[in-house]
Amino acid sequence: GNANSGIPNPFWLVGSAWGPDGVLRSLIWAYLSRLILAGLAFYWLLHLIGYRRTTCIVMALSYSYCGYATVDGQWDSMLSGLVLYPLVLVGTELYLRRGNIWALPLLVALAAYGGAFMFAVGLFLVYACIWRCVLADSPLNEAKRWLLGIFPLSALGLALAAPAVLHTVIQILDSPRVTGEQSMSTGLMRLAFAVNEPDVLQAELAAFFHKDLLGIGNDYRGWLNYLEGPMFYVGMLPLILLPQLWTGTDRDRRMLMLATTVLTCFIVFPGFRMLTFGFMIPYFR
């Protein structure tokens with residue numbers, strides 16, 4: 001059901017080299033290569049922002065671990081995005097900090113060729129723009145840099161990728177899952193300003209502390225639930241770290257308010273949750 005570009009995903013070309021008898025081994029190496037590349041891409045991003053080398057290493061390793069959790073959660077089809085999204089952010093930082101106008105369109109085109117869903121990439125850049133504007137000392141100047149620089153360069157990257165992705169876009173727009181009263185998109189738009197029911201809110205809040213706190217995770221039985229073990233307590237991280245921003249600078253407190261607002265909307269409004277995922281998967285676990 002995924003939208004595939006005309007040019008094969010480079011991460012899956014590894015399987016062709018191994019042949020039909022080496023599918024399992026090729027999958028393992030494809031996973032490992034993406035975990036390593038994801039860590040390197042995130043390290044590059046943090047280095048551009050200006051973090052110390054040791055901080056970059058620790059955060060890049062943590063980011064790669066997120067990829068491990070993604071694979072173990074059986075969402076391995078999403079693992080390519082773990083590499084491609086930080087590369088898109090690298091392109092934005094190279095433009096904002098060094099005036100490089102070539103990296104961003106090329107990296108956006110690479111993301112398209114790599115199988116990233118372009119609609120989700122567009123939303124991702126909008127979120128990044130909002131975040132940067134809220135944290136900037138001069139939000140209007142920051143917004144101007146994005147509107148006149150980042151977004152046009154990203155559009156150029158889409159144009160470069162058009163030969164591979166345009167037919168996919170047309171196919172998606174013509175799909176009954178997207179257009180028509182019966183489509184999933186129409187149903188999602190009806191949910192845009194709805195509020196989750198109390199039992200859903202209870203399950204979401206309980207999941208911050210433990211995925212099986214309410215006994216809805218099969219009591220942690222079965223190998224599928226076991227593989228999801230790395231994500232069991234992931235909700236505790238924002239609850240512990242985010243409040244500490246209040247004791248920081250004004251910029252830290254703006255970050256706290258934005259993060260709290262986004263997290264609240266993610267929990268309360270199903271439409272916002274769908275938007276966060278780029279309308280790719282109706283999921284919140």
# chains A, B, ... in the order shown; residues from 1 in each chain; ligands from 1

call {"tool": "residues_around", "arguments": {"residues": "stretch 239-242 of chain A", "least_positions_apart": "2", "cutoff": "9 Å", "atoms": "only C-alpha atoms", "output": "number ranges by chain"}}
result
A: 208, 235-237, 244-246, 255-256, 259-260

call {"tool": "residues_around", "arguments": {"residues": "A:Leu107", "least_positions_apart": "4", "cutoff": "8 Å", "atoms": "only C-alpha atoms", "output": "JSON, numbers by chain"}}
result
{"A": [87, 88, 91, 103, 111, 157]}

call {"tool": "residues_around", "arguments": {"residues": "A:Trp44", "least_positions_apart": "6", "cutoff": "9 Å", "atoms": "only C-alpha atoms", "output": "ChimeraX atom specification"}}
result
/A:56,60,86-87,90

call {"tool": "residues_around", "arguments": {"residues": "stretch 35-41 of chain A", "least_positions_apart": "3", "cutoff": "10 Å", "atoms": "only C-alpha atoms", "output": "number ranges by chain"}}
result
A: 29-32, 44-47, 56-68, 71, 79-90

call {"tool": "closest_residue", "arguments": {"among": "A:Ala162, A:Ala143, A:Leu156, A:Val23", "to": "A:Ile101", "atoms": "only C-alpha atoms"}}
result
A:Leu156

call {"tool": "decode", "arguments": {"residues": "stretch 237-255 of chain A", "atoms": "N, CA, C and O atoms", "output": "short mmCIF file (atom, residue, chain, number, x, y, z; two decimals), in the first residue's frame"}}
result
data_model
loop_
_atom_site.label_atom_id
_atom_site.label_comp_id
_atom_site.auth_asym_id
_atom_site.auth_seq_id
_atom_site.Cartn_x
_atom_site.Cartn_y
_atom_site.Cartn_z
N LEU A 237 10.19 9.98 28.99
CA LEU A 237 11.27 10.91 28.66
C LEU A 237 10.79 12.36 28.59
O LEU A 237 11.37 13.24 29.26
N PRO A 238 9.75 12.68 27.80
CA PRO A 238 9.30 14.08 27.79
C PRO A 238 8.75 14.54 29.13
O PRO A 238 8.89 15.72 29.49
N LEU A 239 8.11 13.63 29.87
CA LEU A 239 7.55 14.03 31.16
C LEU A 239 8.64 14.42 32.15
O LEU A 239 8.45 15.27 33.03
N ILE A 240 9.82 13.81 32.01
CA ILE A 240 10.93 14.10 32.92
C ILE A 240 11.74 15.30 32.44
O ILE A 240 12.09 16.19 33.22
N LEU A 241 12.02 15.35 31.14
CA LEU A 241 12.94 16.36 30.62
C LEU A 241 12.28 17.70 30.32
O LEU A 241 12.87 18.76 30.59
N LEU A 242 11.07 17.69 29.75
CA LEU A 242 10.46 18.95 29.33
C LEU A 242 10.29 19.96 30.47
O LEU A 242 10.61 21.14 30.29
N PRO A 243 9.78 19.55 31.66
CA PRO A 243 9.60 20.56 32.71
C PRO A 243 10.89 21.25 33.15
O PRO A 243 10.85 22.37 33.66
N GLN A 244 12.03 20.61 32.93
CA GLN A 244 13.30 21.21 33.35
C GLN A 244 13.64 22.45 32.53
O GLN A 244 14.46 23.28 32.94
N LEU A 245 13.00 22.60 31.36
CA LEU A 245 13.26 23.78 30.54
C LEU A 245 12.79 25.06 31.24
O LEU A 245 13.26 26.15 30.92
N TRP A 246 11.87 24.93 32.18
CA TRP A 246 11.31 26.12 32.84
C TRP A 246 12.38 26.88 33.62
O TRP A 246 12.28 28.10 33.81
N THR A 247 13.40 26.18 34.06
CA THR A 247 14.46 26.84 34.85
C THR A 247 15.54 27.43 33.96
O THR A 247 16.53 27.96 34.48
N GLY A 248 15.37 27.35 32.65
CA GLY A 248 16.39 27.86 31.73
C GLY A 248 16.14 29.29 31.31
O GLY A 248 15.57 30.11 32.05
N THR A 249 16.52 29.59 30.07
CA THR A 249 16.39 30.93 29.52
C THR A 249 14.97 31.16 28.99
O THR A 249 14.13 30.26 29.00
N ASP A 250 14.72 32.40 28.53
CA ASP A 250 13.42 32.69 27.91
C ASP A 250 13.19 31.81 26.69
O ASP A 250 12.07 31.36 26.43
N ARG A 251 14.26 31.54 25.95
CA ARG A 251 14.16 30.67 24.78
C ARG A 251 13.78 29.26 25.20
O ARG A 251 12.98 28.60 24.54
N ASP A 252 14.36 28.79 26.31
CA ASP A 252 14.02 27.45 26.80
C ASP A 252 12.55 27.39 27.19
O ASP A 252 11.87 26.39 26.93
N ARG A 253 12.04 28.46 27.82
CA ARG A 253 10.64 28.46 28.24
C ARG A 253 9.71 28.52 27.03
O ARG A 253 8.63 27.90 27.05
N ARG A 254 10.11 29.23 25.98
CA ARG A 254 9.30 29.21 24.75
C ARG A 254 9.28 27.81 24.16
O ARG A 254 8.24 27.35 23.65
N MET A 255 10.40 27.13 24.22
CA MET A 255 10.46 25.75 23.74
C MET A 255 9.54 24.85 24.56
O MET A 255 8.85 23.99 24.01
#
